[in-house]
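To start, the structure itself, in structure tokens.
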Amino acid sequence: MERQAVQRAKEAFLSGRTRPVEFRLQQLHALQKMITEKETEISTALKQDINRSQYDTPLLELIGIENEIKLAIEKLADWAAPRHVERNLLTISDEVYIQPEPLGVVLIIGAWNYPWALTLLPLVGAIAAGNAAVVKPSELSEYSSLLLRALLPRYLDKDLYPVVTGGASETQELLRIRFDHVFYTGSSSVGKVVMEAAARHLTPVTLELGGKSPCYIDKDCDIRVACRRITWGKFVNCGQTCIAPDYILCEPCIQGRVVECIRHTLLEFYGADPKCSPDYGRIINQRHFNRIMSLMEGYTPVVGGQSDSSQRYIAPTVLKDVPPHSRLMQEEIFGPLLPIVAVSDMDDAINFINEREKPLALYIFCSDKKAIKRFIEETTSGGVTVNDVMMHYTLSSLPFGGVGQSGMGRYHGKHTFDQLSHQRACLVRSLGMESVNLSRYPPQDRRRARRARMALKSSLIDMSKRTLIWAIVATIIGCGLFIALLVILLIAAGLNCTCWYWRGFYNYW
Amino acid sequence: MSREQLAVQRARKSFHTGKTKPLEHRIHQLRSLLRFVHERQKEIADAVKKDLGKSEYATELFETIGLEGEINLALENLAEWAAPRPVEKNLLTILDEVYIQPEPLGVVLIIGAWNYPWAVTLQPLIGAIAAGNAAVIKPSEISSHSAKLMEELLPQYLDKDLYPVVTGGVSETQELLKQRFDHIFYTGNSTVGKLVMEAAARHLTPVTLELGGKSPCYIDKDCDITVACRRITWGKFVNVGQTCIAPDYILCEASIQSRVVEEIKKCIKEFYTDNPKTFEDYGRMVNQRHLKRVVALMEGSTIAVGGEVDESQCYIAPTVLKDVTGESKLMQEEIFGPLLPIITVSGVDEAIEFINDREKPLVIYVFADNNKLIKRVIAETSSGALLANDCLVHFTVSALPFGGVGNSGMGCYHGRHSFDRLSHLRSCLIKQLKMEGVNSMRYPPHTAKKMSWARFFLLKQFNVSRMRHLALLAMLAGLAAFVVQRFLR
């Protein structure tokens, strides 16, 4: 069944109907309609999947998707147009540009924690780039994936963008088929399997994986505000966010204050009993619930710690003085447990982070600009947000992606379009001016070699329209100023000069 | 511990000391590499002559000039490439620092090829050094003299620990591929490309694969066939056809086939004399295995020009075959030799269909005077690159990304693209701990009122740059009004 869907998508792509920009815009408009019209249904599905509050759905998923669609619609003509590049002396009279082209059929494997955003954001880029796309939502977010399967064909082209639901075996079947790009969001272990499968067909991949995103709090910053922002980022979606601050690093002297501020903020956000708060989520399924509970084994939390297996509820929990070798620090938590690891100072924190795998995000809370710059320079991660959490995700001009174990490739905004396009180099010469080429043909001798050398060694000249216009405008303004200066000097030197000129003229005649 | 493991470990340790971070270090290494190319020109040319029978001029033209150009470009632009790149902000981040910071990846593995042993191995190295990485260089063992020379000389110019050269054959390469790298840059064929990517998948290592394929060359009947054939002949027989972007086969209409054959025959004579075997500027096949492979491809097809073979010298004459069909042996694999098949098609439609029935090639060549036809081929086909009315030269424009698509590869390089490919472009958002009030709309407990504020701020209705332009315009208008009022009463 999967093979049929992919085959249909391939044939639909080869018919060429995704090529015109108008078609892609029409599909994007339809997708936008779906998001605005079906918001209630989407919210209901998310509540059933993961107990997402009705306000968190637009805030965390739908507004982001709408913005991406709007950006794509606004800029598509721009993105899909040929991009002229700098030429060298040899190609100065030729057309030299990069033409973005669709890749073909893209496989999008979504995740369950933000089932709409993580599946539809890549889809927006795939549509914009002119590809067909097979969408495989995660089976763990069951209601959302069934809803997506019901809704998408009603708004988008059924053949070009099929939704294939199913579990591990359906995904494996899909991965055996040849695609032109595979876009996977999920864990590193499955990421390896996806890349290995893609390697068999030489298919490029984008892997948005995870990791343990550290969060360093400097002792000389505004701890109250820092903890407020960290608390929000950590416990939103019950900690099941790929860029959630996984653990805190801070000096022992402020550890107590940090715990107090977080406790205070939790009270403000979710009340005395978060189980009753409509804004606090649940763990996606029993397996993950058990996994997270076992991470806590042997440690006494200073905040929270309560749980209710029947509801898959785990209270917002903070643990302090967590040793680096504990189980909590061995895998990505992906749950509402916030360990605090004590470090002696900023250098110790930097070493701690560098000893581990490169994370998807890095958070630094500090008021000292120099210290911030040093921290960024001496570490690496997919992205960095300083003095807040997760916000680099919301700016579509910033490429969102990981490095090392946290992933490869990036997306959001124009980056999705570029990632899912082929940037084809085009050089259009003419059959004239053959004499220029003589120096490259055999038989070679010293003279020809020298001429060839000179031609090839010339530097790049930027003939793009913008530079040309600026050059012309600058020349005109420069000449204008020069003439104005001359006139002023002449007038200042006394009108005699001009009179002399005219007198001479009259005398001549 | 094996030799390969040691080399990688030393490179990683050296990278972790942080010495590649400062731009001065990278510039110093690049300058040393430039010195190497200048000072050792003769030794390099000798090694290439022993490997491929290439003349000294050809080595200069096709290998070292390109390298020099790339190094100079990197030296000139490094500060700009490595600097933070500010990006467009939105209303929520208007007071923040938002930029992309290019960073080194770590240790890069560069696996070179044998057809241009210096260009194809050292060009990625330039990008790796410029981006601040360490690099393990594995030149191809098939071009053994060049590999040996590289192993001997490169450590005399570059940092021994950061940029080790590891020579060897298949087993050494497999041993290397078991190690963990931060990027693998492979140039070669698709079969091995799959193995490289599979090995990389085990460590989640990103890859750049510069592979090959059959690059078609379409000649339109209404173009200047003399000039077209000249350029094609040059492009095809340079390095005896052992170029990844050589025009693999010709597609043209039956009416011009004999003319094309005549013109190519004339050009071969002009370039390589009546006896290319004795001519200095005509090279040799790299080894017996490839010679036998290429000779076997000729089976079943009609030779129109050339066809002579001398196994003892690894020599195959420049050969043109006509009336070849899609099923012939010649059309089953990338030729990578001096055999130029001509396939007749009824017109550009059939040519496009023929090309699209096959794997996406590394480059498509179109020879036509008609601009509309060229644009049509661009729109209806796909390939790594497209070059109209010439061969190979798109390789020299470093502003163009050089790479394949589909079976011809993934990723691209040259110029700034090498730097970006071998860097991690890290998103940085630097906010302040003030203005916490703005954030209250995102915090629970959620209310309908907070939600409406959130929608107002987050839904992209404000185009920040347009607002700035409007503000500037308003200010100028106000100033103008003031001036008019005050001075021009």
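Labels for the structure tokens follow display order: chains A, B, ..., residues from 1 in each chain, ligands from 1.
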Requested in this report: For B:Ser423, please output as number ranges by chain all residues within 6 Å (counting only C-alpha atoms; exclusion window: fewer than 5 positions along the same chain).
Outcome: B: 102-105, 131
Within 12 Å of stretch 52-54 of chain B, counting only C-alpha atoms, which residues show up once you throw out same-chain ones fewer than 6 positions away? Write them as a short mmCIF file (atom, residue, chain, number, x, y, z; two decimals) with N, CA and C atoms, in the first residue's frame, please.
data_model
loop_
_atom_site.label_atom_id
_atom_site.label_comp_id
_atom_site.auth_asym_id
_atom_site.auth_seq_id
_atom_site.Cartn_x
_atom_site.Cartn_y
_atom_site.Cartn_z
N PRO A 442 45.05 21.87 -26.94
CA PRO A 442 46.36 21.38 -27.30
C PRO A 442 46.60 21.70 -28.78
N GLN A 444 49.83 22.26 -26.48
CA GLN A 444 50.14 23.30 -25.52
C GLN A 444 51.59 23.72 -25.67
N ILE B 44 55.11 17.76 -8.63
CA ILE B 44 53.70 17.38 -8.82
C ILE B 44 53.48 16.97 -10.28
N ALA B 45 54.01 17.80 -11.21
CA ALA B 45 53.82 17.47 -12.62
C ALA B 45 54.44 16.12 -12.97
N ASP B 46 55.64 15.85 -12.38
CA ASP B 46 56.29 14.56 -12.65
C ASP B 46 55.45 13.40 -12.16
N GLU B 60 49.30 21.85 -15.03
CA GLU B 60 49.16 23.21 -14.54
C GLU B 60 47.75 23.72 -14.79
N LEU B 61 47.30 23.53 -16.02
CA LEU B 61 46.00 24.08 -16.40
C LEU B 61 44.87 23.47 -15.59
N PHE B 62 44.92 22.16 -15.38
CA PHE B 62 43.77 21.50 -14.79
C PHE B 62 43.88 21.24 -13.31
N GLU B 63 45.06 21.31 -12.75
CA GLU B 63 45.14 21.02 -11.33
C GLU B 63 45.62 22.22 -10.52
N TRP B 114 41.50 9.50 -8.29
CA TRP B 114 42.78 9.36 -8.99
C TRP B 114 42.86 10.15 -10.29
N ASN B 115 41.72 10.65 -10.80
CA ASN B 115 41.77 11.26 -12.11
C ASN B 115 42.38 12.66 -12.11
N TYR B 116 42.14 13.41 -11.05
CA TYR B 116 42.83 14.69 -10.84
C TYR B 116 43.33 14.65 -9.42
N PRO B 117 44.39 13.87 -9.18
CA PRO B 117 44.73 13.52 -7.79
C PRO B 117 45.02 14.73 -6.91
N ILE B 142 45.30 4.51 -6.49
CA ILE B 142 45.47 4.19 -7.91
C ILE B 142 46.43 5.19 -8.57
N SER B 143 46.39 6.44 -8.14
CA SER B 143 47.38 7.41 -8.63
C SER B 143 48.50 7.37 -7.60
N SER B 144 49.28 6.26 -7.66
CA SER B 144 50.17 5.95 -6.54
C SER B 144 51.32 6.95 -6.39
N HIS B 145 51.85 7.45 -7.52
CA HIS B 145 52.97 8.39 -7.39
C HIS B 145 52.52 9.67 -6.72
N SER B 146 51.34 10.14 -7.10
CA SER B 146 50.84 11.37 -6.47
C SER B 146 50.56 11.15 -5.00
N PHE B 237 38.36 14.62 -24.55
CA PHE B 237 39.63 13.88 -24.55
C PHE B 237 40.68 14.43 -23.62
N VAL B 238 40.35 15.51 -22.91
CA VAL B 238 41.26 16.00 -21.88
C VAL B 238 41.39 14.88 -20.85
N ASN B 239 42.60 14.58 -20.41
CA ASN B 239 42.82 13.50 -19.46
C ASN B 239 42.27 12.17 -19.97
N VAL B 240 42.28 12.02 -21.28
CA VAL B 240 41.83 10.78 -21.93
C VAL B 240 40.41 10.40 -21.47
N GLY B 241 39.55 11.39 -21.32
CA GLY B 241 38.16 11.10 -20.98
C GLY B 241 37.94 10.73 -19.53
N GLN B 242 38.98 10.80 -18.71
CA GLN B 242 38.84 10.39 -17.32
C GLN B 242 38.52 11.59 -16.44
N LYS B 277 49.39 8.68 -30.11
CA LYS B 277 50.17 7.85 -29.20
C LYS B 277 51.52 8.49 -28.91
N THR B 278 52.10 9.14 -29.95
CA THR B 278 53.42 9.72 -29.75
C THR B 278 53.36 11.15 -29.28
N PHE B 279 52.16 11.68 -29.14
CA PHE B 279 52.04 13.09 -28.86
C PHE B 279 52.03 13.35 -27.36
N GLU B 280 52.77 14.35 -26.94
CA GLU B 280 52.98 14.60 -25.52
C GLU B 280 51.69 14.99 -24.79
N ASP B 281 50.82 15.74 -25.46
CA ASP B 281 49.65 16.26 -24.77
C ASP B 281 48.51 15.26 -24.67
N TYR B 282 48.70 14.04 -25.15
CA TYR B 282 47.64 13.04 -25.01
C TYR B 282 48.05 12.04 -23.94
N GLY B 283 47.18 11.84 -22.96
CA GLY B 283 47.56 11.02 -21.81
C GLY B 283 47.30 9.53 -22.00
N ARG B 284 47.29 8.83 -20.86
CA ARG B 284 47.10 7.40 -20.88
C ARG B 284 46.00 7.01 -19.90
N MET B 285 45.47 5.79 -20.05
CA MET B 285 44.52 5.26 -19.06
C MET B 285 45.31 5.03 -17.78
N VAL B 286 44.65 5.12 -16.66
CA VAL B 286 45.39 5.08 -15.40
C VAL B 286 45.97 3.69 -15.09
N ASN B 287 45.26 2.62 -15.46
CA ASN B 287 45.83 1.28 -15.25
C ASN B 287 45.17 0.26 -16.17
N GLN B 288 45.69 -0.98 -16.15
CA GLN B 288 45.24 -2.05 -17.05
C GLN B 288 43.76 -2.36 -16.85
N GLN B 313 50.96 0.06 -23.32
CA GLN B 313 51.16 1.45 -22.92
C GLN B 313 49.93 2.05 -22.27
N CYS B 314 48.90 1.25 -22.03
CA CYS B 314 47.64 1.75 -21.50
C CYS B 314 47.08 2.84 -22.41
N TYR B 315 47.23 2.63 -23.72
CA TYR B 315 46.83 3.66 -24.67
C TYR B 315 45.55 3.26 -25.41
#
With 12 Å as the cut-off and only C-alpha atoms counted, what is the closest atom pair between each nearby residue of stretch 33-136 of chain B and stretch 353-373 of chain A? Distances in Å to one decimal, ordered by chain and number, as CSV.
residue,atom,partner,partner_atom,distance
B:Pro84,CA,A:Lys373,CA,11.7
B:Glu97,CA,A:Lys369,CA,11.2
B:Gln101,CA,A:Lys373,CA,11.2
B:Leu105,CA,A:Lys358,CA,10.5
B:Gly106,CA,A:Lys358,CA,11.3
Query - Contacts of A:Ile65 at 12 Å (only C-alpha atoms; same-chain gap of 3+ positions) as a ChimeraX atom specification - result: /A:28,31-36,39,57-62,68-72,114-125,394,396,412-413 /B:458-460
Query raised in the report: Just asking: which residues within stretch 238-418 of chain A are strand (DSSP E or B) according to DSSP, as a PyMOL selection string?
Result: chain A and resi 247-250+303+307-308+313-314+317-319+337-342+361-365+383-386+400+407-408+411
Report as a PDB file with all heavy atoms, in the first residue's frame all protein, DNA and RNA residues lying within 6 Å of stretch 380-390 of chain B, evaluated on only C-alpha atoms, omitting residues in the same chain fewer than 6 positions from it.
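That gives us selection19.pdb:
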ATOM      1  N   ARG A 424      20.877  24.179  -8.785  1.00  0.00           N
ATOM      2  CA  ARG A 424      21.567  23.751 -10.008  1.00  0.00           C
ATOM      3  C   ARG A 424      22.381  24.892 -10.598  1.00  0.00           C
ATOM      4  O   ARG A 424      21.856  25.965 -10.895  1.00  0.00           O
ATOM      5  CB  ARG A 424      20.516  23.296 -11.018  1.00  0.00           C
ATOM      6  CG  ARG A 424      21.069  22.671 -12.289  1.00  0.00           C
ATOM      7  CD  ARG A 424      19.911  22.401 -13.194  1.00  0.00           C
ATOM      8  NE  ARG A 424      20.187  21.431 -14.230  1.00  0.00           N
ATOM      9  CZ  ARG A 424      19.334  21.134 -15.198  1.00  0.00           C
ATOM     10  NH1 ARG A 424      18.143  21.719 -15.217  1.00  0.00           N
ATOM     11  NH2 ARG A 424      19.636  20.255 -16.114  1.00  0.00           N
ATOM     12  N   ALA A 425      23.678  24.633 -10.802  1.00  0.00           N
ATOM     13  CA  ALA A 425      24.556  25.649 -11.368  1.00  0.00           C
ATOM     14  C   ALA A 425      24.311  25.732 -12.867  1.00  0.00           C
ATOM     15  O   ALA A 425      24.345  24.725 -13.557  1.00  0.00           O
ATOM     16  CB  ALA A 425      26.006  25.280 -11.092  1.00  0.00           C
ATOM     17  N   CYS A 426      24.036  26.935 -13.392  1.00  0.00           N
ATOM     18  CA  CYS A 426      23.776  27.089 -14.825  1.00  0.00           C
ATOM     19  C   CYS A 426      24.740  28.108 -15.409  1.00  0.00           C
ATOM     20  O   CYS A 426      24.885  29.206 -14.869  1.00  0.00           O
ATOM     21  CB  CYS A 426      22.347  27.562 -15.077  1.00  0.00           C
ATOM     22  SG  CYS A 426      21.122  26.358 -14.562  1.00  0.00           S
ATOM     23  N   LEU A 427      25.389  27.731 -16.497  1.00  0.00           N
ATOM     24  CA  LEU A 427      26.306  28.634 -17.178  1.00  0.00           C
ATOM     25  C   LEU A 427      25.944  28.593 -18.654  1.00  0.00           C
ATOM     26  O   LEU A 427      26.052  27.554 -19.294  1.00  0.00           O
ATOM     27  CB  LEU A 427      27.750  28.176 -16.949  1.00  0.00           C
ATOM     28  CG  LEU A 427      28.860  28.866 -17.739  1.00  0.00           C
ATOM     29  CD1 LEU A 427      28.800  30.362 -17.574  1.00  0.00           C
ATOM     30  CD2 LEU A 427      30.214  28.357 -17.275  1.00  0.00           C
ATOM     31  N   VAL A 428      25.439  29.723 -19.164  1.00  0.00           N
ATOM     32  CA  VAL A 428      25.013  29.759 -20.558  1.00  0.00           C
ATOM     33  C   VAL A 428      25.986  30.634 -21.336  1.00  0.00           C
ATOM     34  O   VAL A 428      26.014  31.850 -21.169  1.00  0.00           O
ATOM     35  CB  VAL A 428      23.569  30.306 -20.680  1.00  0.00           C
ATOM     36  CG1 VAL A 428      23.120  30.296 -22.125  1.00  0.00           C
ATOM     37  CG2 VAL A 428      22.623  29.467 -19.840  1.00  0.00           C
ATOM     38  N   ARG A 429      26.788  29.978 -22.181  1.00  0.00           N
ATOM     39  CA  ARG A 429      27.754  30.721 -22.977  1.00  0.00           C
ATOM     40  C   ARG A 429      27.220  30.862 -24.395  1.00  0.00           C
ATOM     41  O   ARG A 429      26.147  30.350 -24.727  1.00  0.00           O
ATOM     42  CB  ARG A 429      29.090  29.979 -23.023  1.00  0.00           C
ATOM     43  CG  ARG A 429      29.574  29.524 -21.680  1.00  0.00           C
ATOM     44  CD  ARG A 429      31.045  29.234 -21.722  1.00  0.00           C
ATOM     45  NE  ARG A 429      31.782  30.495 -21.654  1.00  0.00           N
ATOM     46  CZ  ARG A 429      33.089  30.610 -21.824  1.00  0.00           C
ATOM     47  NH1 ARG A 429      33.804  29.563 -22.101  1.00  0.00           N
ATOM     48  NH2 ARG A 429      33.683  31.778 -21.732  1.00  0.00           N
ATOM     49  N   SER A 430      28.020  31.508 -25.236  1.00  0.00           N
ATOM     50  CA  SER A 430      27.615  31.586 -26.639  1.00  0.00           C
ATOM     51  C   SER A 430      28.682  30.887 -27.464  1.00  0.00           C
ATOM     52  O   SER A 430      29.810  30.680 -27.009  1.00  0.00           O
ATOM     53  CB  SER A 430      27.480  33.039 -27.071  1.00  0.00           C
ATOM     54  OG  SER A 430      28.754  33.559 -27.330  1.00  0.00           O
ATOM     55  N   LEU A 431      28.298  30.522 -28.687  1.00  0.00           N
ATOM     56  CA  LEU A 431      29.255  29.817 -29.533  1.00  0.00           C
ATOM     57  C   LEU A 431      30.202  30.768 -30.250  1.00  0.00           C
ATOM     58  O   LEU A 431      31.026  30.347 -31.046  1.00  0.00           O
ATOM     59  CB  LEU A 431      28.517  28.945 -30.554  1.00  0.00           C
ATOM     60  CG  LEU A 431      27.995  27.634 -29.955  1.00  0.00           C
ATOM     61  CD1 LEU A 431      27.000  26.962 -30.890  1.00  0.00           C
ATOM     62  CD2 LEU A 431      29.134  26.689 -29.654  1.00  0.00           C
TER      63      LEU A 431
ATOM     64  N   ARG B 231      34.785  22.333 -29.019  1.00  0.00           N
ATOM     65  CA  ARG B 231      34.731  22.401 -27.566  1.00  0.00           C
ATOM     66  C   ARG B 231      34.456  21.033 -26.962  1.00  0.00           C
ATOM     67  O   ARG B 231      35.013  20.659 -25.931  1.00  0.00           O
ATOM     68  CB  ARG B 231      33.672  23.421 -27.133  1.00  0.00           C
ATOM     69  CG  ARG B 231      34.018  24.822 -27.601  1.00  0.00           C
ATOM     70  CD  ARG B 231      32.993  25.860 -27.225  1.00  0.00           C
ATOM     71  NE  ARG B 231      33.400  27.174 -27.735  1.00  0.00           N
ATOM     72  CZ  ARG B 231      32.784  28.310 -27.460  1.00  0.00           C
ATOM     73  NH1 ARG B 231      31.719  28.306 -26.683  1.00  0.00           N
ATOM     74  NH2 ARG B 231      33.215  29.449 -27.953  1.00  0.00           N
ATOM     75  N   LYS B 360      19.978  11.016 -12.849  1.00  0.00           N
ATOM     76  CA  LYS B 360      20.351  12.423 -12.980  1.00  0.00           C
ATOM     77  C   LYS B 360      21.875  12.512 -13.078  1.00  0.00           C
ATOM     78  O   LYS B 360      22.587  12.024 -12.192  1.00  0.00           O
ATOM     79  CB  LYS B 360      19.868  13.211 -11.752  1.00  0.00           C
ATOM     80  CG  LYS B 360      18.365  13.196 -11.597  1.00  0.00           C
ATOM     81  CD  LYS B 360      17.929  13.965 -10.352  1.00  0.00           C
ATOM     82  CE  LYS B 360      16.436  13.831 -10.150  1.00  0.00           C
ATOM     83  NZ  LYS B 360      15.963  14.479  -8.928  1.00  0.00           N
ATOM     84  N   PRO B 361      22.402  13.131 -14.165  1.00  0.00           N
ATOM     85  CA  PRO B 361      23.854  13.170 -14.339  1.00  0.00           C
ATOM     86  C   PRO B 361      24.482  14.331 -13.575  1.00  0.00           C
ATOM     87  O   PRO B 361      23.792  15.180 -13.029  1.00  0.00           O
ATOM     88  CB  PRO B 361      24.000  13.399 -15.849  1.00  0.00           C
ATOM     89  CG  PRO B 361      22.770  14.147 -16.224  1.00  0.00           C
ATOM     90  CD  PRO B 361      21.677  13.737 -15.284  1.00  0.00           C
ATOM     91  N   LEU B 362      25.824  14.345 -13.570  1.00  0.00           N
ATOM     92  CA  LEU B 362      26.541  15.398 -12.887  1.00  0.00           C
ATOM     93  C   LEU B 362      26.424  16.714 -13.660  1.00  0.00           C
ATOM     94  O   LEU B 362      26.373  17.795 -13.072  1.00  0.00           O
ATOM     95  CB  LEU B 362      28.011  14.991 -12.741  1.00  0.00           C
ATOM     96  CG  LEU B 362      28.901  15.744 -11.780  1.00  0.00           C
ATOM     97  CD1 LEU B 362      28.229  15.958 -10.441  1.00  0.00           C
ATOM     98  CD2 LEU B 362      30.205  15.004 -11.596  1.00  0.00           C
ATOM     99  N   VAL B 363      26.388  16.611 -14.996  1.00  0.00           N
ATOM    100  CA  VAL B 363      26.230  17.827 -15.791  1.00  0.00           C
ATOM    101  C   VAL B 363      25.542  17.485 -17.103  1.00  0.00           C
ATOM    102  O   VAL B 363      25.664  16.365 -17.599  1.00  0.00           O
ATOM    103  CB  VAL B 363      27.597  18.510 -16.031  1.00  0.00           C
ATOM    104  CG1 VAL B 363      28.516  17.615 -16.807  1.00  0.00           C
ATOM    105  CG2 VAL B 363      27.443  19.829 -16.733  1.00  0.00           C
ATOM    106  N   ILE B 364      24.776  18.424 -17.631  1.00  0.00           N
ATOM    107  CA  ILE B 364      24.158  18.276 -18.953  1.00  0.00           C
ATOM    108  C   ILE B 364      24.735  19.367 -19.842  1.00  0.00           C
ATOM    109  O   ILE B 364      24.809  20.533 -19.432  1.00  0.00           O
ATOM    110  CB  ILE B 364      22.624  18.413 -18.886  1.00  0.00           C
ATOM    111  CG1 ILE B 364      22.005  17.233 -18.145  1.00  0.00           C
ATOM    112  CG2 ILE B 364      22.025  18.466 -20.289  1.00  0.00           C
ATOM    113  CD1 ILE B 364      20.496  17.297 -18.032  1.00  0.00           C
ATOM    114  N   TYR B 365      25.152  18.973 -21.036  1.00  0.00           N
ATOM    115  CA  TYR B 365      25.673  19.955 -21.991  1.00  0.00           C
ATOM    116  C   TYR B 365      24.670  20.137 -23.119  1.00  0.00           C
ATOM    117  O   TYR B 365      24.126  19.165 -23.633  1.00  0.00           O
ATOM    118  CB  TYR B 365      27.000  19.489 -22.575  1.00  0.00           C
ATOM    119  CG  TYR B 365      28.110  19.392 -21.552  1.00  0.00           C
ATOM    120  CD1 TYR B 365      28.616  18.164 -21.147  1.00  0.00           C
ATOM    121  CD2 TYR B 365      28.638  20.545 -20.973  1.00  0.00           C
ATOM    122  CE1 TYR B 365      29.621  18.084 -20.205  1.00  0.00           C
ATOM    123  CE2 TYR B 365      29.648  20.469 -20.030  1.00  0.00           C
ATOM    124  CZ  TYR B 365      30.129  19.237 -19.645  1.00  0.00           C
ATOM    125  OH  TYR B 365      31.125  19.158 -18.710  1.00  0.00           O
ATOM    126  N   VAL B 366      24.452  21.405 -23.484  1.00  0.00           N
ATOM    127  CA  VAL B 366      23.543  21.710 -24.591  1.00  0.00           C
ATOM    128  C   VAL B 366      24.276  22.647 -25.541  1.00  0.00           C
ATOM    129  O   VAL B 366      24.826  23.660 -25.100  1.00  0.00           O
ATOM    130  CB  VAL B 366      22.286  22.438 -24.093  1.00  0.00           C
ATOM    131  CG1 VAL B 366      21.329  22.686 -25.234  1.00  0.00           C
ATOM    132  CG2 VAL B 366      21.617  21.646 -23.009  1.00  0.00           C
ATOM    133  N   PHE B 367      24.276  22.303 -26.811  1.00  0.00           N
ATOM    134  CA  PHE B 367      24.889  23.191 -27.791  1.00  0.00           C
ATOM    135  C   PHE B 367      23.789  23.678 -28.719  1.00  0.00           C
ATOM    136  O   PHE B 367      23.228  22.905 -29.493  1.00  0.00           O
ATOM    137  CB  PHE B 367      25.993  22.472 -28.568  1.00  0.00           C
ATOM    138  CG  PHE B 367      27.242  22.320 -27.752  1.00  0.00           C
ATOM    139  CD1 PHE B 367      27.369  21.277 -26.855  1.00  0.00           C
ATOM    140  CD2 PHE B 367      28.268  23.252 -27.845  1.00  0.00           C
ATOM    141  CE1 PHE B 367      28.501  21.146 -26.066  1.00  0.00           C
ATOM    142  CE2 PHE B 367      29.408  23.139 -27.064  1.00  0.00           C
ATOM    143  CZ  PHE B 367      29.525  22.078 -26.176  1.00  0.00           C
ATOM    144  N   GLY B 403      28.465  20.306  -7.678  1.00  0.00           N
ATOM    145  CA  GLY B 403      28.041  19.082  -7.008  1.00  0.00           C
ATOM    146  C   GLY B 403      26.989  18.378  -7.833  1.00  0.00           C
ATOM    147  O   GLY B 403      26.556  18.875  -8.868  1.00  0.00           O
ATOM    148  N   GLY B 404      26.571  17.215  -7.383  1.00  0.00           N
ATOM    149  CA  GLY B 404      25.611  16.417  -8.125  1.00  0.00           C
ATOM    150  C   GLY B 404      24.254  16.399  -7.450  1.00  0.00           C
ATOM    151  O   GLY B 404      24.010  17.067  -6.449  1.00  0.00           O
ATOM    152  N   VAL B 405      23.330  15.616  -8.038  1.00  0.00           N
ATOM    153  CA  VAL B 405      21.995  15.437  -7.461  1.00  0.00           C
ATOM    154  C   VAL B 405      21.588  14.010  -7.776  1.00  0.00           C
ATOM    155  O   VAL B 405      21.975  13.458  -8.812  1.00  0.00           O
ATOM    156  CB  VAL B 405      21.004  16.457  -8.065  1.00  0.00           C
ATOM    157  CG1 VAL B 405      20.785  16.224  -9.550  1.00  0.00           C
ATOM    158  CG2 VAL B 405      19.683  16.413  -7.327  1.00  0.00           C
TER     159      VAL B 405
END
Query raised in the report: Leaving out stretch 132-145 of chain A and any residue of its chain fewer than 3 positions from it, which residues lie within 9 Å of it when counting only C-alpha atoms, given as a PyMOL selection string?
Result: chain A and resi 5-6+9-10+12-13+18+42+44-46+48-50+102-116+118-120+123+126-127+148-150+159-168+171+284-285
Requested in this report: Calculate how many Å separate atom CA of A:Leu90 from atom CA of B:Phe419, rounding to one decimal.
Outcome: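 Pair atom CA of A:Leu90 / atom CA of B:Phe419 returns 23.6 Å.
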Report summary line: In Å and to one decimal, atom CA of A:Arg448 is distant from atom CA of B:Ala58 by 11.1 Å
Query raised in the report: From the set B:Lys266, B:Val261, B:Glu4, B:Leu425, which residue has the shortest atom-to-atom contact distance to A:Pro399, counting only C-alpha atoms?
Result: B:Leu425
Query raised in the report: Restricting the calculation to only C-alpha atoms, which member of B:Arg416, B:Lys292, B:Lys160, B:Arg376 is positioned closest to B:Ala11?
Result: B:Lys160
Query raised in the report: Do you know which residues are at most 7 Å from B:Thr226 counting only C-alpha atoms, after dropping those on the same chain fewer than 3 positions away, and could you put them as a list of chain:residue names?
Result: B:Cys229, B:Arg230, B:Glu263
Please produce a file of those selected residues containing C-alpha atoms, as a PDB file, in the first residue's frame.
ATOM      1  CA  CYS B 229      32.527  19.982 -31.908  1.00  0.00           C
ATOM      2  CA  ARG B 230      35.776  21.733 -31.120  1.00  0.00           C
ATOM      3  CA  GLU B 263      34.365  17.865 -37.324  1.00  0.00           C
TER       4      GLU B 263
END
